[in-house]
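Trainee: Okay, so here is model_30.tsv, and as you'll see once you scroll down, it has TSV, N, CA and C atoms.
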```tsv
chain	number	residue	atom	x	y	z
A	1	MET	N	-8.84	43.02	49.43
A	1	MET	CA	-8.51	42.12	48.37
A	1	MET	C	-7.04	42.30	47.99
A	2	GLU	N	-6.33	41.16	47.87
A	2	GLU	CA	-4.91	41.23	47.49
A	2	GLU	C	-4.78	41.34	45.99
A	3	GLN	N	-3.88	42.17	45.55
A	3	GLN	CA	-3.63	42.30	44.12
A	3	GLN	C	-2.30	41.63	43.78
A	4	LYS	N	-2.31	40.97	42.64
A	4	LYS	CA	-1.07	40.36	42.16
A	4	LYS	C	-0.15	41.46	41.69
A	5	PRO	N	1.15	41.28	41.90
A	5	PRO	CA	2.07	42.27	41.36
A	5	PRO	C	1.99	42.24	39.83
A	6	LYS	N	2.06	43.42	39.23
A	6	LYS	CA	1.96	43.50	37.77
A	6	LYS	C	3.16	42.81	37.13
A	7	GLN	N	2.84	42.05	36.11
A	7	GLN	CA	3.89	41.36	35.36
A	7	GLN	C	4.45	42.36	34.33
A	8	SER	N	5.75	42.36	34.21
A	8	SER	CA	6.34	43.29	33.25
A	8	SER	C	5.95	42.87	31.83
A	9	THR	N	5.93	43.83	30.95
A	9	THR	CA	5.57	43.57	29.56
A	9	THR	C	6.51	42.55	28.95
A	10	GLU	N	7.78	42.68	29.26
A	10	GLU	CA	8.79	41.76	28.71
A	10	GLU	C	8.51	40.33	29.17
A	11	ASN	N	8.24	40.14	30.46
A	11	ASN	CA	7.95	38.80	30.97
A	11	ASN	C	6.66	38.25	30.39
A	12	PHE	N	5.68	39.13	30.20
A	12	PHE	CA	4.41	38.74	29.62
A	12	PHE	C	4.62	38.20	28.20
A	13	ILE	N	5.40	38.90	27.41
A	13	ILE	CA	5.67	38.48	26.04
A	13	ILE	C	6.46	37.18	26.02
A	14	LYS	N	7.45	37.04	26.91
A	14	LYS	CA	8.23	35.80	26.99
A	14	LYS	C	7.33	34.62	27.32
A	15	GLU	N	6.38	34.83	28.23
A	15	GLU	CA	5.46	33.78	28.62
A	15	GLU	C	4.57	33.35	27.45
A	16	ILE	N	4.09	34.33	26.70
A	16	ILE	CA	3.26	34.02	25.52
A	16	ILE	C	4.07	33.23	24.50
A	17	ARG	N	5.30	33.66	24.26
A	17	ARG	CA	6.16	32.96	23.30
A	17	ARG	C	6.43	31.53	23.75
A	18	ARG	N	6.66	31.35	25.05
A	18	ARG	CA	6.94	30.01	25.58
A	18	ARG	C	5.73	29.09	25.39
A	19	LYS	N	4.55	29.62	25.64
A	19	LYS	CA	3.33	28.80	25.55
A	19	LYS	C	2.92	28.52	24.11
A	20	THR	N	3.34	29.37	23.18
A	20	THR	CA	2.94	29.18	21.78
A	20	THR	C	4.08	28.66	20.92
A	21	ARG	N	5.16	28.21	21.55
A	21	ARG	CA	6.31	27.71	20.80
A	21	ARG	C	5.91	26.48	19.98
A	22	ARG	N	6.32	26.47	18.75
A	22	ARG	CA	6.04	25.32	17.89
A	22	ARG	C	7.03	24.20	18.21
A	23	LEU	N	6.53	22.99	18.23
A	23	LEU	CA	7.38	21.83	18.44
A	23	LEU	C	7.44	21.07	17.12
A	24	PHE	N	8.63	20.73	16.71
A	24	PHE	CA	8.84	20.03	15.45
A	24	PHE	C	9.17	18.57	15.73
A	25	SER	N	8.56	17.67	14.97
A	25	SER	CA	8.89	16.25	15.10
A	25	SER	C	10.24	16.01	14.44
A	26	SER	N	10.82	14.86	14.73
A	26	SER	CA	12.12	14.54	14.11
A	26	SER	C	11.98	14.46	12.59
A	27	GLU	N	10.82	14.01	12.12
A	27	GLU	CA	10.60	13.93	10.67
A	27	GLU	C	10.56	15.33	10.04
A	28	GLN	N	9.91	16.28	10.74
A	28	GLN	CA	9.85	17.65	10.22
A	28	GLN	C	11.24	18.27	10.19
A	29	LYS	N	12.03	18.04	11.23
A	29	LYS	CA	13.39	18.57	11.28
A	29	LYS	C	14.21	18.00	10.12
A	30	LEU	N	14.05	16.70	9.88
A	30	LEU	CA	14.79	16.04	8.81
A	30	LEU	C	14.42	16.64	7.46
A	31	VAL	N	13.14	16.88	7.23
A	31	VAL	CA	12.70	17.47	5.96
A	31	VAL	C	13.34	18.84	5.76
A	32	ILE	N	13.37	19.64	6.81
A	32	ILE	CA	13.95	20.99	6.71
A	32	ILE	C	15.45	20.92	6.43
A	33	VAL	N	16.16	20.06	7.14
A	33	VAL	CA	17.61	19.92	6.94
A	33	VAL	C	17.89	19.40	5.53
A	34	MET	N	17.11	18.42	5.08
A	34	MET	CA	17.33	17.87	3.74
A	34	MET	C	17.01	18.92	2.66
A	35	GLU	N	16.01	19.75	2.93
A	35	GLU	CA	15.68	20.82	1.99
A	35	GLU	C	16.87	21.78	1.85
A	36	ALA	N	17.56	22.03	2.95
A	36	ALA	CA	18.75	22.90	2.91
A	36	ALA	C	19.87	22.22	2.12
A	37	GLN	N	19.98	20.91	2.25
A	37	GLN	CA	21.03	20.17	1.54
A	37	GLN	C	20.85	20.27	0.02
A	38	ARG	N	19.59	20.35	-0.41
A	38	ARG	CA	19.33	20.47	-1.85
A	38	ARG	C	19.80	21.82	-2.39
A	39	GLY	N	19.86	22.84	-1.53
A	39	GLY	CA	20.39	24.14	-1.93
A	39	GLY	C	19.46	24.99	-2.77
A	40	GLU	N	18.17	24.68	-2.79
A	40	GLU	CA	17.23	25.46	-3.59
A	40	GLU	C	16.98	26.84	-2.97
A	41	TYR	N	17.11	26.93	-1.65
A	41	TYR	CA	16.88	28.18	-0.94
A	41	TYR	C	18.10	28.50	-0.09
A	42	SER	N	18.29	29.77	0.20
A	42	SER	CA	19.34	30.13	1.15
A	42	SER	C	18.85	29.71	2.54
A	43	ILE	N	19.76	29.61	3.48
A	43	ILE	CA	19.39	29.22	4.84
A	43	ILE	C	18.42	30.24	5.43
A	44	ALA	N	18.66	31.51	5.17
A	44	ALA	CA	17.77	32.56	5.69
A	44	ALA	C	16.37	32.40	5.13
A	45	GLU	N	16.26	32.14	3.81
A	45	GLU	CA	14.94	31.94	3.19
A	45	GLU	C	14.24	30.72	3.77
A	46	LEU	N	14.99	29.66	3.92
A	46	LEU	CA	14.45	28.41	4.45
A	46	LEU	C	13.93	28.60	5.88
A	47	CYS	N	14.69	29.32	6.68
A	47	CYS	CA	14.28	29.56	8.07
A	47	CYS	C	13.02	30.43	8.12
A	48	ARG	N	12.96	31.44	7.27
A	48	ARG	CA	11.75	32.28	7.21
A	48	ARG	C	10.55	31.45	6.76
A	49	LYS	N	10.77	30.60	5.78
A	49	LYS	CA	9.69	29.77	5.23
A	49	LYS	C	9.08	28.87	6.30
A	50	HIS	N	9.94	28.32	7.17
A	50	HIS	CA	9.47	27.37	8.19
A	50	HIS	C	9.27	28.02	9.56
A	51	GLY	N	9.57	29.30	9.66
A	51	GLY	CA	9.35	30.02	10.92
A	51	GLY	C	10.28	29.60	12.04
A	52	ILE	N	11.54	29.36	11.71
A	52	ILE	CA	12.53	29.00	12.73
A	52	ILE	C	13.70	29.97	12.66
A	53	SER	N	14.47	30.02	13.72
A	53	SER	CA	15.66	30.88	13.71
A	53	SER	C	16.80	30.13	13.02
A	54	GLN	N	17.77	30.90	12.55
A	54	GLN	CA	18.93	30.27	11.93
A	54	GLN	C	19.71	29.44	12.94
A	55	ALA	N	19.74	29.89	14.19
A	55	ALA	CA	20.45	29.13	15.24
A	55	ALA	C	19.81	27.76	15.42
A	56	THR	N	18.48	27.73	15.39
A	56	THR	CA	17.77	26.45	15.50
A	56	THR	C	18.11	25.55	14.33
A	57	PHE	N	18.09	26.12	13.12
A	57	PHE	CA	18.43	25.33	11.95
A	57	PHE	C	19.84	24.74	12.05
A	58	TYR	N	20.80	25.57	12.42
A	58	TYR	CA	22.18	25.09	12.48
A	58	TYR	C	22.36	24.03	13.58
A	59	LYS	N	21.60	24.15	14.64
A	59	LYS	CA	21.64	23.12	15.69
A	59	LYS	C	21.12	21.79	15.13
A	60	TRP	N	19.99	21.83	14.42
A	60	TRP	CA	19.43	20.61	13.83
A	60	TRP	C	20.38	20.04	12.79
A	61	ASN	N	20.98	20.91	12.00
A	61	ASN	CA	21.91	20.47	10.96
A	61	ASN	C	23.12	19.77	11.60
A	62	LYS	N	23.64	20.33	12.67
A	62	LYS	CA	24.79	19.73	13.36
A	62	LYS	C	24.41	18.35	13.92
A	63	GLU	N	23.23	18.25	14.53
A	63	GLU	CA	22.77	16.96	15.07
A	63	GLU	C	22.64	15.93	13.94
A	64	PHE	N	22.12	16.38	12.80
A	64	PHE	CA	21.97	15.51	11.64
A	64	PHE	C	23.33	15.00	11.15
A	65	MET	N	24.28	15.90	11.03
A	65	MET	CA	25.62	15.53	10.55
A	65	MET	C	26.33	14.61	11.54
A	66	GLU	N	26.20	14.89	12.84
A	66	GLU	CA	26.82	14.04	13.85
A	66	GLU	C	26.25	12.62	13.80
A	67	ALA	N	24.93	12.52	13.65
A	67	ALA	CA	24.29	11.20	13.57
A	67	ALA	C	24.79	10.45	12.34
A	68	GLY	N	24.90	11.16	11.22
A	68	GLY	CA	25.40	10.52	10.00
A	68	GLY	C	26.85	10.09	10.13
A	69	LYS	N	27.66	10.92	10.78
A	69	LYS	CA	29.07	10.58	10.97
A	69	LYS	C	29.20	9.32	11.85
A	70	LYS	N	28.42	9.25	12.91
A	70	LYS	CA	28.46	8.06	13.77
A	70	LYS	C	28.05	6.82	13.01
A	71	ARG	N	27.01	6.94	12.22
A	71	ARG	CA	26.50	5.79	11.47
A	71	ARG	C	27.53	5.31	10.46
A	72	LEU	N	28.17	6.24	9.77
A	72	LEU	CA	29.16	5.87	8.76
A	72	LEU	C	30.42	5.29	9.38
A	73	SER	N	30.72	5.66	10.61
A	73	SER	CA	31.92	5.15	11.25
A	73	SER	C	31.68	3.77	11.87
A	74	GLY	N	30.50	3.23	11.67
A	74	GLY	CA	30.23	1.86	12.14
A	74	GLY	C	29.46	1.80	13.43
A	75	ASP	N	29.08	2.92	13.99
A	75	ASP	CA	28.29	2.93	15.21
A	75	ASP	C	26.84	2.67	14.81
A	76	THR	N	26.38	1.45	15.03
A	76	THR	CA	25.05	1.08	14.56
A	76	THR	C	23.97	1.33	15.60
A	77	THR	N	24.36	1.72	16.82
A	77	THR	CA	23.32	2.04	17.79
A	77	THR	C	22.71	3.38	17.42
A	78	ARG	N	21.43	3.50	17.69
A	78	ARG	CA	20.75	4.75	17.37
A	78	ARG	C	19.66	4.99	18.39
A	79	GLU	N	19.19	6.20	18.42
A	79	GLU	CA	18.10	6.56	19.31
A	79	GLU	C	16.79	6.04	18.72
A	80	ALA	N	15.91	5.57	19.57
A	80	ALA	CA	14.61	5.12	19.10
A	80	ALA	C	13.74	6.32	18.78
A	81	THR	N	12.90	6.17	17.76
A	81	THR	CA	11.96	7.25	17.45
A	81	THR	C	10.83	7.24	18.46
A	82	SER	N	10.09	8.32	18.52
A	82	SER	CA	9.00	8.40	19.49
A	82	SER	C	7.95	7.33	19.22
A	83	ASP	N	7.72	6.99	17.94
A	83	ASP	CA	6.77	5.93	17.61
A	83	ASP	C	7.26	4.58	18.12
A	84	GLU	N	8.56	4.34	17.95
A	84	GLU	CA	9.13	3.07	18.44
A	84	GLU	C	9.03	2.98	19.96
A	85	VAL	N	9.29	4.07	20.64
A	85	VAL	CA	9.20	4.09	22.10
A	85	VAL	C	7.76	3.81	22.53
A	86	ALA	N	6.79	4.44	21.86
A	86	ALA	CA	5.38	4.22	22.19
A	86	ALA	C	4.99	2.77	21.96
A	87	ASP	N	5.46	2.18	20.85
A	87	ASP	CA	5.17	0.77	20.57
A	87	ASP	C	5.77	-0.13	21.63
A	88	LEU	N	7.01	0.16	22.03
A	88	LEU	CA	7.66	-0.66	23.05
A	88	LEU	C	6.95	-0.54	24.40
A	89	ARG	N	6.50	0.66	24.72
A	89	ARG	CA	5.76	0.85	25.98
A	89	ARG	C	4.46	0.07	25.97
A	90	ASN	N	3.75	0.10	24.82
A	90	ASN	CA	2.50	-0.66	24.71
A	90	ASN	C	2.75	-2.16	24.83
A	91	LYS	N	3.79	-2.64	24.18
A	91	LYS	CA	4.13	-4.07	24.25
A	91	LYS	C	4.50	-4.44	25.68
A	92	ASN	N	5.26	-3.58	26.36
A	92	ASN	CA	5.65	-3.81	27.75
A	92	ASN	C	4.41	-3.90	28.64
A	93	LYS	N	3.47	-3.01	28.42
A	93	LYS	CA	2.22	-3.00	29.20
A	93	LYS	C	1.46	-4.30	28.97
A	94	GLU	N	1.35	-4.73	27.70
A	94	GLU	CA	0.65	-5.98	27.38
A	94	GLU	C	1.31	-7.17	28.06
A	95	LEU	N	2.64	-7.21	28.04
A	95	LEU	CA	3.36	-8.32	28.66
A	95	LEU	C	3.18	-8.33	30.17
A	96	LYS	N	3.19	-7.15	30.79
A	96	LYS	CA	2.97	-7.07	32.23
A	96	LYS	C	1.57	-7.56	32.59
A	97	GLU	N	0.58	-7.20	31.78
A	97	GLU	CA	-0.79	-7.66	32.02
A	97	GLU	C	-0.88	-9.17	31.87
A	98	LEU	N	-0.18	-9.72	30.87
A	98	LEU	CA	-0.17	-11.16	30.66
A	98	LEU	C	0.46	-11.87	31.85
A	99	VAL	N	1.57	-11.35	32.36
A	99	VAL	CA	2.22	-11.95	33.53
A	99	VAL	C	1.28	-11.89	34.74
A	100	ALA	N	0.60	-10.77	34.92
A	100	ALA	CA	-0.34	-10.63	36.04
A	100	ALA	C	-1.47	-11.65	35.91
A	101	ASP	N	-2.01	-11.83	34.71
A	101	ASP	CA	-3.07	-12.83	34.49
A	101	ASP	C	-2.57	-14.24	34.79
A	102	LEU	N	-1.36	-14.55	34.34
A	102	LEU	CA	-0.80	-15.88	34.58
A	102	LEU	C	-0.57	-16.12	36.07
A	103	LEU	N	-0.11	-15.08	36.79
A	103	LEU	CA	0.08	-15.22	38.23
A	103	LEU	C	-1.24	-15.48	38.95
A	104	LEU	N	-2.28	-14.77	38.53
A	104	LEU	CA	-3.60	-14.99	39.12
A	104	LEU	C	-4.09	-16.42	38.87
A	105	GLU	N	-3.96	-16.86	37.64
A	105	GLU	CA	-4.36	-18.24	37.30
A	105	GLU	C	-3.56	-19.24	38.12
A	106	ASN	N	-2.27	-19.00	38.24
A	106	ASN	CA	-1.40	-19.89	39.01
A	106	ASN	C	-1.85	-19.95	40.47
A	107	ASN	N	-2.15	-18.80	41.06
A	107	ASN	CA	-2.61	-18.77	42.46
A	107	ASN	C	-3.94	-19.49	42.62
A	108	ILE	N	-4.85	-19.29	41.66
A	108	ILE	CA	-6.15	-19.99	41.72
A	108	ILE	C	-5.94	-21.49	41.65
A	109	LEU	N	-5.08	-21.95	40.76
A	109	LEU	CA	-4.81	-23.38	40.63
A	109	LEU	C	-4.18	-23.94	41.91
A	110	LYS	N	-3.25	-23.20	42.51
A	110	LYS	CA	-2.63	-23.66	43.75
A	110	LYS	C	-3.65	-23.79	44.87
A	111	LYS	N	-4.56	-22.81	44.98
A	111	LYS	CA	-5.61	-22.87	46.00
A	111	LYS	C	-6.56	-24.04	45.74
A	112	SER	N	-6.85	-24.29	44.46
A	112	SER	CA	-7.72	-25.41	44.13
A	112	SER	C	-7.07	-26.74	44.53
A	113	ILE	N	-5.78	-26.86	44.28
A	113	ILE	CA	-5.05	-28.08	44.64
A	113	ILE	C	-5.01	-28.25	46.16
A	114	ASP	N	-4.79	-27.12	46.87
A	114	ASP	CA	-4.75	-27.17	48.34
A	114	ASP	C	-6.10	-27.63	48.90
A	115	ARG	N	-7.20	-27.22	48.32
A	115	ARG	CA	-8.53	-27.61	48.78
A	115	ARG	C	-8.79	-29.08	48.54
A	116	LEU	N	-8.28	-29.59	47.43
A	116	LEU	CA	-8.47	-31.02	47.10
A	116	LEU	C	-7.63	-31.93	48.00
A	117	ALA	N	-6.53	-31.43	48.47
A	117	ALA	CA	-5.64	-32.27	49.26
A	117	ALA	C	-6.06	-32.38	50.70
```
Just give me the structure as structure tokens.

Mentor:
Amino acid sequence: MEQKPKQSTENFIKEIRRKTRRLFSSEQKLVIVMEAQRGEYSIAELCRKHGISQATFYKWNKEFMEAGKKRLSGDTTREATSDEVADLRNKNKELKELVADLLLENNILKKSIDRLA
């Protein structure tokens, strides 16, 4: 029987952390950044409260500020939210199905006309 090489403790812990990493929605990130803007808590307290690192917070804060700067400078293009993308994908799927149905109907009508002629 072949044995797998033992995984180091460090790699094992990294793997567990990777699999249990929390994912934050854009709305959750916005709430955390706005909470920091209010100044009720220090950044360290806020990060502990939400279970994130300060580096993560500062990255989100920078992204937030950059987006605001672009918007204020007249750049009206923006990234679509995940809900908007899902809605657009559903609408695209519906339209493709409608086109497929219309093509089928068109082919049936053409064959019917060919039989009559």

Trainee: So which one's closest to Trp60 (chain A), A:Leu30, A:Leu104, A:Leu116, A:Ala86? Using only N, CA and C atoms, please.

Mentor: A:Leu30

Trainee: Among chain A, which ones does DSSP place in helix (DSSP H, G or I), written as a PyMOL selection string?

Mentor: chain A and resi 9-19+26-38+43-50+54-72+82-116

Trainee: Do you have the atom C of Phe57 (chain A)-atom N of Arg21 (chain A) distance handy?

Mentor: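 These two atoms are separated by 17.8 Å.
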
Trainee: Would you compute the distance between CA of Leu109 (chain A) and CA of Leu95 (chain A)? Give it in Å to one decimal.

Mentor: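 CA of Leu95 (chain A) lies 20.9 Å from CA of Leu109 (chain A).
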
Trainee: Could you tell me how far CA of Asn92 (chain A) lies from CA of Ile108 (chain A), in Å and to one decimal?

Mentor: 24.4 Å
